[in-house]
file entry.txt (compact mmCIF, C-alpha atoms (C1' of nucleotides))
# COMPACT_ATOMS: atom_id res chain seq x y z
CA MET E 163 -34.85 -7.80 33.38
CA GLU E 164 -36.11 -11.21 32.53
CA TYR E 165 -37.43 -10.36 29.08
CA GLU E 166 -34.78 -7.83 28.14
CA GLN E 167 -33.59 -9.90 25.19
CA LEU E 168 -37.09 -10.00 23.77
CA LYS E 169 -36.93 -6.29 23.03
CA LEU E 170 -37.01 -5.40 19.38
CA ASN E 171 -34.16 -2.94 19.70
CA ASN E 172 -31.85 -5.66 20.92
CA GLN E 173 -32.27 -7.81 17.88
CA LEU E 174 -29.71 -8.03 15.11
CA CYS E 175 -32.00 -9.96 12.80
CA PHE E 176 -34.64 -7.24 12.80
CA ARG E 177 -31.98 -4.77 11.69
CA LEU E 178 -30.90 -7.04 8.86
CA TYR E 179 -34.48 -7.67 7.83
CA THR E 180 -35.26 -3.95 7.82
CA ALA E 181 -32.02 -2.83 6.21
CA ALA E 182 -32.46 -5.37 3.43
CA ARG E 183 -36.04 -4.26 2.75
CA LEU E 184 -35.11 -0.60 2.69
CA THR E 185 -32.07 -1.15 0.52
CA VAL E 186 -34.04 -3.17 -2.00
CA GLY E 187 -36.58 -0.36 -1.94
CA ALA E 188 -33.82 2.10 -2.79
CA TYR E 189 -33.35 0.27 -6.10
CA HIS E 190 -36.92 0.95 -7.19
CA PRO E 191 -36.31 4.32 -8.84
CA TYR E 192 -33.69 2.69 -11.03
CA LEU E 193 -35.28 -0.70 -11.70
CA ASP E 194 -38.85 0.47 -12.34
CA PRO E 195 -37.90 2.26 -15.58
CA LEU E 196 -36.33 -0.99 -16.78
CA GLY E 197 -39.44 -2.93 -15.84
CA ILE E 198 -37.61 -5.40 -13.60
CA THR E 199 -37.66 -6.27 -9.91
CA TYR E 200 -34.69 -6.57 -7.59
CA PRO E 201 -34.51 -10.39 -7.70
CA GLN E 202 -34.75 -10.18 -11.49
CA TYR E 203 -31.88 -7.68 -11.45
CA LEU E 204 -29.85 -10.19 -9.45
CA VAL E 205 -30.49 -12.86 -12.08
CA LEU E 206 -29.35 -10.46 -14.77
CA LEU E 207 -26.17 -9.67 -12.82
CA VAL E 208 -25.37 -13.36 -12.75
CA LEU E 209 -26.08 -13.84 -16.46
CA TRP E 210 -24.19 -10.70 -17.46
CA GLU E 211 -21.14 -12.17 -15.75
CA GLN E 212 -21.63 -15.48 -17.54
CA ASP E 213 -24.35 -16.23 -20.05
CA LYS E 214 -25.89 -19.65 -20.66
CA GLN E 215 -26.02 -21.20 -17.23
CA PRO E 216 -28.23 -24.01 -15.95
CA VAL E 217 -30.88 -23.14 -13.38
CA CYS E 218 -29.02 -24.81 -10.54
CA ASP E 219 -25.92 -22.67 -11.07
CA ILE E 220 -27.94 -19.47 -11.01
CA ALA E 221 -29.75 -20.64 -7.90
CA ALA E 222 -26.46 -21.53 -6.20
CA ARG E 223 -25.00 -18.16 -7.06
CA LEU E 224 -27.97 -16.35 -5.51
CA MET E 225 -28.14 -18.80 -2.62
CA LEU E 226 -31.75 -19.55 -3.47
CA ASP E 227 -33.53 -22.82 -4.20
CA THR E 228 -34.84 -23.80 -7.59
CA ASN E 229 -38.41 -23.53 -6.35
CA THR E 230 -37.79 -19.81 -6.01
CA VAL E 231 -35.65 -19.37 -9.08
CA THR E 232 -37.72 -21.38 -11.56
CA PRO E 233 -40.84 -19.19 -11.38
CA LEU E 234 -38.59 -16.11 -11.38
CA LEU E 235 -36.95 -17.27 -14.60
CA GLN E 236 -40.32 -18.16 -16.09
CA ARG E 237 -41.54 -14.62 -15.48
CA MET E 238 -38.36 -13.21 -16.97
CA GLU E 239 -38.75 -15.44 -20.01
CA LYS E 240 -42.32 -14.24 -20.42
CA SER E 241 -41.12 -10.63 -20.35
CA GLY E 242 -38.54 -11.43 -23.01
CA LEU E 243 -35.34 -11.07 -21.02
CA LEU E 244 -34.09 -14.63 -21.41
CA LEU E 245 -34.66 -18.08 -22.87
CA ARG E 246 -34.77 -21.44 -21.11
CA THR E 247 -33.64 -24.16 -23.48
CA LYS E 248 -33.22 -27.85 -22.78
CA GLY E 249 -29.65 -28.92 -22.06
CA LYS E 250 -27.90 -31.07 -24.65
CA THR E 251 -25.46 -33.09 -22.56
CA ASP E 252 -27.83 -33.32 -19.60
CA THR E 253 -31.44 -33.16 -20.73
CA ARG E 254 -32.68 -32.54 -17.20
CA GLN E 255 -31.02 -29.16 -17.23
CA ARG E 256 -32.51 -25.95 -18.49
CA ILE E 257 -29.87 -23.64 -19.91
CA VAL E 258 -30.75 -20.02 -19.33
CA SER E 259 -29.49 -17.57 -21.93
CA LEU E 260 -30.01 -13.85 -22.36
CA THR E 261 -32.04 -12.47 -25.22
CA GLU E 262 -31.08 -9.33 -27.08
CA LYS E 263 -33.30 -7.41 -24.68
CA GLY E 264 -31.60 -8.97 -21.68
CA LEU E 265 -28.16 -8.27 -23.10
CA THR E 266 -28.76 -4.65 -23.99
CA MET E 267 -30.27 -3.96 -20.60
CA ARG E 268 -26.77 -4.25 -19.23
CA GLU E 269 -25.91 -0.96 -20.84
CA GLN E 270 -28.95 0.73 -19.31
CA ALA E 271 -28.17 -0.76 -15.91
CA LYS E 272 -24.51 0.17 -16.01
CA HIS E 273 -24.84 3.16 -13.74
CA ILE E 274 -27.22 1.70 -11.19
CA PRO E 275 -24.53 0.68 -8.68
CA GLU E 276 -22.99 4.13 -8.55
CA CYS E 277 -26.40 5.79 -8.45
CA LEU E 278 -27.30 3.67 -5.50
CA SER E 279 -24.01 4.24 -3.72
CA ALA E 280 -24.49 7.95 -4.20
CA SER E 281 -28.05 7.97 -2.94
CA ILE E 282 -27.09 5.97 0.12
CA LEU E 283 -23.97 7.96 0.90
CA GLU E 284 -25.92 11.15 0.45
CA LYS E 285 -28.16 10.12 3.31
CA MET E 286 -25.46 8.92 5.64
CA ASP E 287 -22.13 10.55 6.20
CA SER E 288 -19.90 7.73 7.44
CA VAL E 289 -18.49 5.85 4.50
CA GLU E 290 -16.26 3.83 6.80
CA GLU E 291 -19.16 2.36 8.72
CA LEU E 292 -20.69 1.17 5.46
CA ALA E 293 -17.40 -0.38 4.46
CA THR E 294 -17.23 -2.38 7.67
CA LEU E 295 -20.55 -3.95 6.79
CA VAL E 296 -19.21 -5.94 3.87
CA PRO E 297 -16.73 -8.26 5.60
CA ALA E 298 -19.02 -8.69 8.60
CA LEU E 299 -21.94 -9.68 6.39
CA ASP E 300 -19.74 -12.03 4.42
CA LYS E 301 -18.71 -13.79 7.59
CA LEU E 302 -22.32 -14.00 8.77
CA ILE E 303 -23.48 -15.37 5.44
CA GLU E 304 -20.70 -17.90 5.37
CA GLY E 305 -21.50 -19.06 8.88
CA LEU E 306 -25.20 -19.38 8.24
CA SER E 307 -24.94 -21.04 4.86
CA GLU E 308 -22.63 -23.90 5.71
CA ARG E 309 -24.31 -27.17 6.42
CA MET V 225 -13.40 -2.63 -16.32
CA GLU V 226 -16.51 -0.99 -17.60
CA TYR V 227 -18.99 -3.33 -15.96
CA GLU V 228 -16.98 -4.08 -12.85
CA GLN V 229 -19.64 -2.59 -10.59
CA LEU V 230 -22.25 -4.89 -12.06
CA LYS V 231 -20.60 -7.87 -10.45
CA LEU V 232 -22.62 -9.57 -7.79
CA ASN V 233 -19.71 -9.80 -5.41
CA ASN V 234 -19.37 -6.05 -5.38
CA GLN V 235 -22.87 -5.41 -4.18
CA LEU V 236 -23.71 -4.54 -0.61
CA CYS V 237 -27.44 -4.95 -1.13
CA PHE V 238 -27.11 -8.57 -2.19
CA ARG V 239 -25.24 -9.26 1.02
CA LEU V 240 -27.97 -7.64 3.09
CA TYR V 241 -30.66 -9.47 1.18
CA THR V 242 -28.91 -12.81 1.66
CA ALA V 243 -27.88 -12.27 5.26
CA ALA V 244 -31.42 -11.29 6.17
CA ARG V 245 -32.89 -14.37 4.48
CA LEU V 246 -30.43 -16.72 6.13
CA THR V 247 -30.84 -15.14 9.54
CA VAL V 248 -34.62 -15.35 9.37
CA GLY V 249 -34.12 -18.96 8.35
CA ALA V 250 -32.05 -19.54 11.47
CA TYR V 251 -35.15 -18.73 13.53
CA HIS V 252 -37.12 -21.57 12.01
CA PRO V 253 -36.05 -24.30 14.46
CA TYR V 254 -37.29 -22.12 17.31
CA LEU V 255 -40.39 -20.57 15.75
CA ASP V 256 -41.79 -23.67 14.07
CA PRO V 257 -42.58 -25.40 17.38
CA LEU V 258 -44.51 -22.27 18.39
CA GLY V 259 -46.40 -22.29 15.12
CA ILE V 260 -45.43 -18.73 14.19
CA THR V 261 -43.43 -17.09 11.42
CA TYR V 262 -40.64 -14.55 11.80
CA PRO V 263 -42.81 -11.52 10.98
CA GLN V 264 -45.40 -12.83 13.43
CA TYR V 265 -42.65 -13.13 16.03
CA LEU V 266 -41.78 -9.48 15.41
CA VAL V 267 -45.40 -8.47 16.03
CA LEU V 268 -45.36 -10.43 19.27
CA LEU V 269 -42.13 -8.73 20.34
CA VAL V 270 -43.82 -5.36 19.86
CA LEU V 271 -46.94 -6.39 21.74
CA TRP V 272 -45.00 -8.02 24.57
CA GLU V 273 -43.28 -4.71 25.11
CA GLN V 274 -46.60 -2.87 25.10
CA ASP V 275 -49.97 -4.50 24.75
CA LYS V 276 -53.05 -2.90 23.18
CA GLN V 277 -51.63 -0.83 20.35
CA PRO V 278 -53.34 0.45 17.22
CA VAL V 279 -52.29 -1.07 13.91
CA CYS V 280 -50.44 2.04 12.80
CA ASP V 281 -48.19 2.03 15.87
CA ILE V 282 -47.23 -1.59 15.30
CA ALA V 283 -46.59 -0.88 11.64
CA ALA V 284 -44.45 2.12 12.51
CA ARG V 285 -42.45 0.09 14.99
CA LEU V 286 -41.73 -2.57 12.37
CA MET V 287 -41.22 0.04 9.66
CA LEU V 288 -43.87 -1.66 7.54
CA ASP V 289 -47.03 -0.34 5.94
CA THR V 290 -50.51 -1.23 7.07
CA ASN V 291 -51.13 -3.15 3.86
CA THR V 292 -48.48 -5.59 5.05
CA VAL V 293 -49.37 -5.53 8.72
CA THR V 294 -53.16 -5.81 8.44
CA PRO V 295 -53.19 -9.25 6.77
CA LEU V 296 -50.42 -10.35 9.14
CA LEU V 297 -52.55 -9.39 12.13
CA GLN V 298 -55.61 -11.01 10.58
CA ARG V 299 -53.73 -14.29 10.27
CA MET V 300 -52.52 -13.98 13.86
CA GLU V 301 -56.06 -13.28 15.04
CA LYS V 302 -57.24 -16.36 13.19
CA SER V 303 -54.61 -18.48 14.92
CA GLY V 304 -55.74 -17.12 18.28
CA LEU V 305 -52.71 -15.03 19.22
CA LEU V 306 -54.42 -11.65 19.39
CA LEU V 307 -57.65 -9.69 19.07
CA ARG V 308 -58.39 -6.66 16.91
CA THR V 309 -61.06 -4.55 18.59
CA LYS V 310 -62.50 -1.25 17.40
CA GLY V 311 -60.97 1.80 19.10
CA LYS V 312 -63.16 3.78 21.48
CA THR V 313 -61.78 7.28 21.19
CA ASP V 314 -60.96 6.90 17.51
CA THR V 315 -63.30 4.43 15.86
CA ARG V 316 -61.13 4.20 12.78
CA GLN V 317 -58.44 2.51 14.81
CA ARG V 318 -58.15 -1.18 15.49
CA ILE V 319 -56.60 -1.83 18.87
CA VAL V 320 -54.54 -5.00 18.84
CA SER V 321 -54.37 -6.89 22.12
CA LEU V 322 -52.80 -10.19 23.05
CA THR V 323 -54.90 -13.19 23.96
CA GLU V 324 -53.95 -15.58 26.73
CA LYS V 325 -52.22 -17.68 24.10
CA GLY V 326 -50.26 -14.69 22.80
CA LEU V 327 -49.27 -13.66 26.30
CA THR V 328 -48.11 -17.05 27.49
CA MET V 329 -46.08 -17.56 24.34
CA ARG V 330 -43.69 -14.96 25.73
CA GLU V 331 -42.55 -17.47 28.29
CA GLN V 332 -41.91 -20.09 25.63
CA ALA V 333 -40.07 -17.58 23.47
CA LYS V 334 -37.95 -16.24 26.28
CA HIS V 335 -34.84 -18.14 25.33
CA ILE V 336 -35.01 -17.69 21.58
CA PRO V 337 -32.65 -14.70 21.45
CA GLU V 338 -29.89 -16.47 23.33
CA CYS V 339 -30.45 -19.69 21.37
CA LEU V 340 -30.05 -17.76 18.19
CA SER V 341 -26.99 -15.85 19.37
CA ALA V 342 -25.44 -19.14 20.37
CA SER V 343 -26.20 -20.87 17.09
CA ILE V 344 -24.80 -17.94 15.12
CA LEU V 345 -21.71 -17.52 17.24
CA GLU V 346 -21.09 -21.24 17.07
CA LYS V 347 -20.76 -20.96 13.32
CA MET V 348 -18.59 -17.87 13.25
CA ASP V 349 -15.78 -17.06 15.56
CA SER V 350 -15.52 -13.29 15.49
CA VAL V 351 -17.94 -11.78 17.97
CA GLU V 352 -16.50 -8.34 17.40
CA GLU V 353 -17.33 -8.34 13.73
CA LEU V 354 -20.95 -9.14 14.55
CA ALA V 355 -21.01 -6.33 17.08
CA THR V 356 -19.86 -3.81 14.50
CA LEU V 357 -22.88 -4.71 12.39
CA VAL V 358 -25.40 -3.19 14.76
CA PRO V 359 -24.39 0.49 14.68
CA ALA V 360 -23.64 0.32 10.95
CA LEU V 361 -27.05 -1.16 10.18
CA ASP V 362 -28.72 1.40 12.41
CA LYS V 363 -27.09 4.20 10.48
CA LEU V 364 -28.04 2.63 7.17
CA ILE V 365 -31.63 2.14 8.26
CA GLU V 366 -31.84 5.67 9.55
CA GLY V 367 -30.48 7.04 6.30
CA LEU V 368 -32.79 5.01 4.12
CA SER V 369 -35.93 5.54 6.16
CA GLU V 370 -35.93 9.32 6.36
CA ARG V 371 -38.08 11.05 3.82
C1' DT R 241 -27.52 -54.92 -16.95
C1' DA R 242 -31.11 -54.13 -13.34
C1' DT R 243 -32.01 -51.55 -9.34
C1' DT R 244 -31.32 -47.89 -6.30
C1' DT R 245 -30.04 -43.28 -5.40
C1' DT R 246 -29.18 -38.77 -6.63
C1' DT R 247 -29.84 -34.72 -9.29
C1' DG R 248 -32.28 -30.93 -11.90
C1' DC R 249 -36.26 -28.90 -12.45
C1' DA R 250 -41.17 -28.03 -11.82
C1' DT R 251 -45.62 -27.50 -9.27
C1' DC R 252 -48.49 -26.36 -5.33
C1' DG R 253 -49.78 -23.93 -1.21
C1' DT R 254 -48.92 -20.39 2.28
C1' DG R 255 -47.24 -16.23 4.05
C1' DA R 256 -45.12 -12.05 3.26
C1' DA R 257 -43.99 -7.25 1.03
C1' DC R 258 -45.76 -3.64 -1.40
C1' DG R 259 -47.95 -0.53 -5.02
C1' DA R 260 -52.52 1.04 -6.03
C1' DT R 261 -56.91 1.94 -4.61
C1' DA R 262 -61.06 2.29 -1.53
C1' DT R 263 -63.72 3.80 2.54
C1' DA R 264 -65.06 5.75 6.59
C1' DA R 265 -63.92 8.59 10.40
C1' DA R 266 -61.42 12.38 12.25
C1' DT R 267 -59.46 16.86 11.53
C1' DC R 268 -58.68 21.06 9.42
C1' DT R 269 -60.30 25.32 7.11
C1' DG R 270 -62.98 28.70 5.22
C1' DC X 166 -71.13 24.42 10.47
C1' DA X 167 -70.02 22.77 5.46
C1' DG X 168 -66.59 21.25 2.54
C1' DA X 169 -61.87 19.79 1.85
C1' DT X 170 -58.10 17.16 3.57
C1' DT X 171 -55.84 13.90 6.24
C1' DT X 172 -55.64 9.64 8.75
C1' DA X 173 -56.45 4.59 9.95
C1' DT X 174 -57.42 0.60 8.07
C1' DA X 175 -58.67 -2.66 4.52
C1' DT X 176 -58.66 -4.93 -0.13
C1' DC X 177 -56.64 -6.41 -4.49
C1' DG X 178 -53.04 -7.96 -7.57
C1' DT X 179 -48.27 -9.27 -8.41
C1' DT X 180 -43.94 -11.03 -7.10
C1' DC X 181 -41.14 -13.37 -3.96
C1' DA X 182 -39.39 -17.01 -0.51
C1' DC X 183 -39.78 -21.51 0.79
C1' DG X 184 -41.47 -26.13 2.58
C1' DA X 185 -43.40 -30.20 0.56
C1' DT X 186 -43.93 -33.08 -3.15
C1' DG X 187 -43.54 -35.06 -7.91
C1' DC X 188 -41.04 -36.72 -11.96
C1' DA X 189 -37.81 -37.92 -15.24
C1' DA X 190 -33.04 -38.27 -16.38
C1' DA X 191 -28.48 -39.26 -14.86
C1' DA X 192 -25.31 -41.54 -11.87
C1' DA X 193 -24.07 -44.97 -8.64
C1' DT X 194 -24.26 -49.59 -7.09
C1' DA X 195 -25.42 -54.28 -6.86
call {"tool": "encode", "arguments": {"input": "entry.txt", "output": "structure tokens"}}
result
Amino acid sequence: MEYEQLKLNNQLCFRLYTAARLTVGAYHPYLDPLGITYPQYLVLLVLWEQDKQPVCDIAARLMLDTNTVTPLLQRMEKSGLLLRTKGKTDTRQRIVSLTEKGLTMREQAKHIPECLSASILEKMDSVEELATLVPALDKLIEGLSER
Amino acid sequence: MEYEQLKLNNQLCFRLYTAARLTVGAYHPYLDPLGITYPQYLVLLVLWEQDKQPVCDIAARLMLDTNTVTPLLQRMEKSGLLLRTKGKTDTRQRIVSLTEKGLTMREQAKHIPECLSASILEKMDSVEELATLVPALDKLIEGLSER
DNA sequence: TATTTTTGCATCGTGAACGATATAAATCTG
DNA sequence: CAGATTTATATCGTTCACGATGCAAAAATA
């Protein structure tokens, strides 16, 4: 079969692309009430771990470029989740810090991970197969991100 | 640790989201010369398997909605890869068919899957771990897509 | 110190995703 | 068959993702 490899079902990337879309979609019921999107949730996760970070650190953590993160942060600033203040030691930097609203949202978001785990595990029996995903994805990400 | 689950490193979805982005990015060196994007490549894969399909079938195959697929197909029509003709039996349908350009691109795209496998495997040693991804992702997709 | 290079961030344009909504045709139902 | 419902597609608005480019500040180098 000359074109066998060009079949959709044989493609790993399509699975990743679809699984990622569907998984992000599974967050909607929990993020919509908070008025945030999934990428915005990711930014909050990073800032909840460590507040007051420059844009480049947040971008590095999410493995995104600043041209994606900057507008994202601008939208989040506009919705009152964070502030972007000029850096003191390095004036090129913008230090991103959580507002009261951004900080307190952590409490409301506390149960999202377990809710999501539950809703996923409810729909698929094999917990083990899910667990095998993590190290394999980590290896894939590591391989694809090195330059 | 009350907020332990809110750590980025503990989140499966972030891994999927990142792995998908990076993998799609790995297609760029091969798709750019053809002048197509990854989602456009997916549409071509579907049409190469079976030409002349209505929009809804293509959307179903890619697990996307028509509001994503329609503009995608419109762009592809504009770049001369396919045609969208009114259905005969059901005039609501748009039958999507490949043009000469869309058909011949199959030949040029023939080696993309193996190129990509090679470039991924080159960067990560464990083939087995990659292989375990496929059934796990299939199960995840199946679980998340059922309604 | 003057010049070059790098770094941090921003802006612009394009293509996706996707919720909400619209419209016409097909189908179902009374 | 008439009216209600469903189906197939399209349009609109918002948010991302990302390549390309710009700019000013910092760092490196001459």
call {"tool": "closest_atom_pairs", "arguments": {"input": "entry.txt", "of": "chain V", "to": "chain R", "cutoff": "9 Å", "atoms": "only C-alpha atoms (C1' of nucleotides)", "output": "CSV"}}
result
residue,atom,partner,partner_atom,distance
V:Thr261,CA,R:DG255,C1',8.3
V:Pro263,CA,R:DA256,C1',8.1
V:Leu288,CA,R:DA257,C1',8.6
V:Asp289,CA,R:DC258,C1',8.1
V:Asn291,CA,R:DC258,C1',7.5
V:Thr292,CA,R:DA257,C1',6.3
V:Leu296,CA,R:DA256,C1',8.1
V:Asp314,CA,R:DA266,C1',7.6
V:Thr315,CA,R:DA265,C1',6.9
V:Arg316,CA,R:DA265,C1',5.7
call {"tool": "interface_residues", "arguments": {"input": "entry.txt", "of": "chain V", "to": "chain X", "cutoff": "10 Å", "atoms": "all atoms listed in the file", "output": "list in words"}}
result
Arg245, Gly249, Pro278, Val279, Cys280, Thr290, Asn291, Thr294, Pro295, Asp314, Thr315, Arg316, Gln317 and Arg318 of chain V
call {"tool": "interface_residues", "arguments": {"input": "entry.txt", "of": "chain E", "to": "chain V", "cutoff": "8 Å", "atoms": "only C-alpha atoms", "output": "PyMOL selection string"}}
result
chain E and resi 165+167-170+173-186+188+204+207-208+211+225+272+275-276+282+285-286+291-292+294-296+298-303+305-307
call {"tool": "residues_around", "arguments": {"input": "entry.txt", "residues": "V:Leu305", "least_positions_apart": "2", "cutoff": "10 Å", "atoms": "all atoms listed in the file", "output": "list in words"}}
result
Ile260, Gln264, Leu268, Leu297, Gln298, Arg299, Met300, Glu301, Lys302, Ser303, Leu307, Ser321, Leu322, Thr323, Glu324, Lys325, Gly326, Leu327, Thr328 and Met329 of chain V
call {"tool": "atom_distance", "arguments": {"input": "entry.txt", "atom1": "atom CA of E:Arg246", "atom2": "atom CA of E:Val258"}}
result
4.6 Å
call {"tool": "atom_distance", "arguments": {"input": "entry.txt", "atom1": "atom CA of V:Thr309", "atom2": "atom CA of V:Lys276"}}
result
9.4 Å
call {"tool": "atom_distance", "arguments": {"input": "entry.txt", "atom1": "atom CA of V:Gln332", "atom2": "atom CA of V:Ile282"}}
result
21.8 Å
call {"tool": "decode", "arguments": {"input": "entry.txt", "residues": "stretch 241-256 of chain R", "atoms": "N, CA and C atoms (P, O5', C5', C4', C3', O3' and C1' of nucleotides)", "output": "compact mmCIF listing (two decimals), in the first residue's frame"}}
result
# COMPACT_ATOMS: atom_id res chain seq x y z
P DT R 241 32.46 55.94 30.57
O5' DT R 241 32.45 56.39 29.06
C5' DT R 241 33.48 57.25 28.58
C4' DT R 241 33.65 56.97 27.12
C3' DT R 241 32.34 56.95 26.34
O3' DT R 241 32.58 57.47 25.03
C1' DT R 241 33.39 54.86 26.14
P DA R 242 31.33 58.00 24.18
O5' DA R 242 31.39 57.00 22.95
C5' DA R 242 32.54 57.01 22.10
C4' DA R 242 32.39 55.89 21.08
C3' DA R 242 31.05 55.88 20.35
O3' DA R 242 31.28 55.55 18.98
C1' DA R 242 31.32 53.83 21.52
P DT R 243 30.03 55.37 17.96
O5' DT R 243 29.94 53.78 17.87
C5' DT R 243 31.13 53.03 17.58
C4' DT R 243 30.79 51.56 17.53
C3' DT R 243 29.53 51.20 16.75
O3' DT R 243 29.80 50.10 15.91
C1' DT R 243 29.43 50.24 18.89
P DT R 244 28.74 49.60 14.82
O5' DT R 244 28.40 48.15 15.40
C5' DT R 244 29.48 47.29 15.74
C4' DT R 244 28.95 46.14 16.58
C3' DT R 244 27.73 45.43 16.00
O3' DT R 244 28.04 44.05 15.88
C1' DT R 244 27.40 45.93 18.29
P DT R 245 26.99 43.02 15.24
O5' DT R 245 26.36 42.37 16.54
C5' DT R 245 27.23 41.89 17.56
C4' DT R 245 26.41 41.39 18.73
C3' DT R 245 25.18 40.57 18.33
O3' DT R 245 25.22 39.36 19.06
C1' DT R 245 24.58 42.28 19.85
P DT R 246 24.09 38.22 18.82
O5' DT R 246 23.27 38.36 20.17
C5' DT R 246 23.99 38.51 21.39
C4' DT R 246 23.03 38.88 22.49
C3' DT R 246 21.74 38.05 22.52
O3' DT R 246 21.60 37.52 23.82
C1' DT R 246 21.23 40.36 22.63
P DT R 247 20.44 36.49 24.18
O5' DT R 247 19.41 37.47 24.90
C5' DT R 247 19.88 38.33 25.92
C4' DT R 247 18.75 39.19 26.42
C3' DT R 247 17.42 38.45 26.55
O3' DT R 247 16.91 38.71 27.84
C1' DT R 247 17.15 40.45 25.31
P DG R 248 15.55 38.03 28.37
O5' DG R 248 14.51 39.21 28.18
C5' DG R 248 14.59 40.37 28.99
C4' DG R 248 13.35 41.19 28.78
C3' DG R 248 12.04 40.39 28.80
O3' DG R 248 11.08 41.08 29.60
C1' DG R 248 12.26 41.56 26.73
P DC R 249 9.63 40.43 29.79
O5' DC R 249 8.82 41.19 28.66
C5' DC R 249 8.74 42.61 28.74
C4' DC R 249 8.21 43.18 27.46
C3' DC R 249 6.80 42.74 27.09
O3' DC R 249 5.92 43.82 27.41
C1' DC R 249 8.26 42.95 25.19
P DA R 250 4.38 43.69 27.03
O5' DA R 250 4.30 44.25 25.54
C5' DA R 250 4.81 45.55 25.28
C4' DA R 250 4.64 45.87 23.80
C3' DA R 250 3.23 45.59 23.27
O3' DA R 250 2.75 46.77 22.65
C1' DA R 250 4.88 44.61 21.86
P DT R 251 1.26 46.87 22.14
O5' DT R 251 1.38 46.66 20.56
C5' DT R 251 2.33 47.42 19.84
C4' DT R 251 2.30 47.00 18.37
C3' DT R 251 0.91 46.71 17.81
O3' DT R 251 0.78 47.38 16.57
C1' DT R 251 2.36 44.90 17.38
P DC R 252 -0.67 47.50 15.86
O5' DC R 252 -0.51 46.53 14.61
C5' DC R 252 0.72 46.51 13.90
C4' DC R 252 0.69 45.41 12.86
C3' DC R 252 -0.71 45.01 12.39
O3' DC R 252 -0.72 44.95 10.97
C1' DC R 252 0.49 43.10 13.10
P DG R 253 -2.13 44.74 10.19
O5' DG R 253 -1.96 43.26 9.63
C5' DG R 253 -0.75 42.87 8.99
C4' DG R 253 -0.81 41.40 8.63
C3' DG R 253 -2.20 40.94 8.21
O3' DG R 253 -2.09 40.04 7.10
C1' DG R 253 -1.49 39.69 10.09
P DT R 254 -3.41 39.40 6.44
O5' DT R 254 -3.33 37.88 6.91
C5' DT R 254 -2.15 37.14 6.67
C4' DT R 254 -2.31 35.75 7.22
C3' DT R 254 -3.68 35.11 6.91
O3' DT R 254 -3.47 33.79 6.47
C1' DT R 254 -3.25 35.04 9.23
P DG R 255 -4.69 32.95 5.82
O5' DG R 255 -4.82 31.72 6.82
C5' DG R 255 -3.66 31.05 7.26
C4' DG R 255 -3.99 30.23 8.49
C3' DG R 255 -5.32 29.47 8.39
O3' DG R 255 -5.15 28.19 8.97
C1' DG R 255 -5.33 30.83 10.30
P DA R 256 -5.93 26.93 8.44
O5' DA R 256 -7.18 26.63 9.38
C5' DA R 256 -7.44 27.44 10.46
C4' DA R 256 -6.77 26.90 11.72
C3' DA R 256 -7.63 25.99 12.54
O3' DA R 256 -6.83 25.37 13.52
C1' DA R 256 -7.62 28.13 13.48
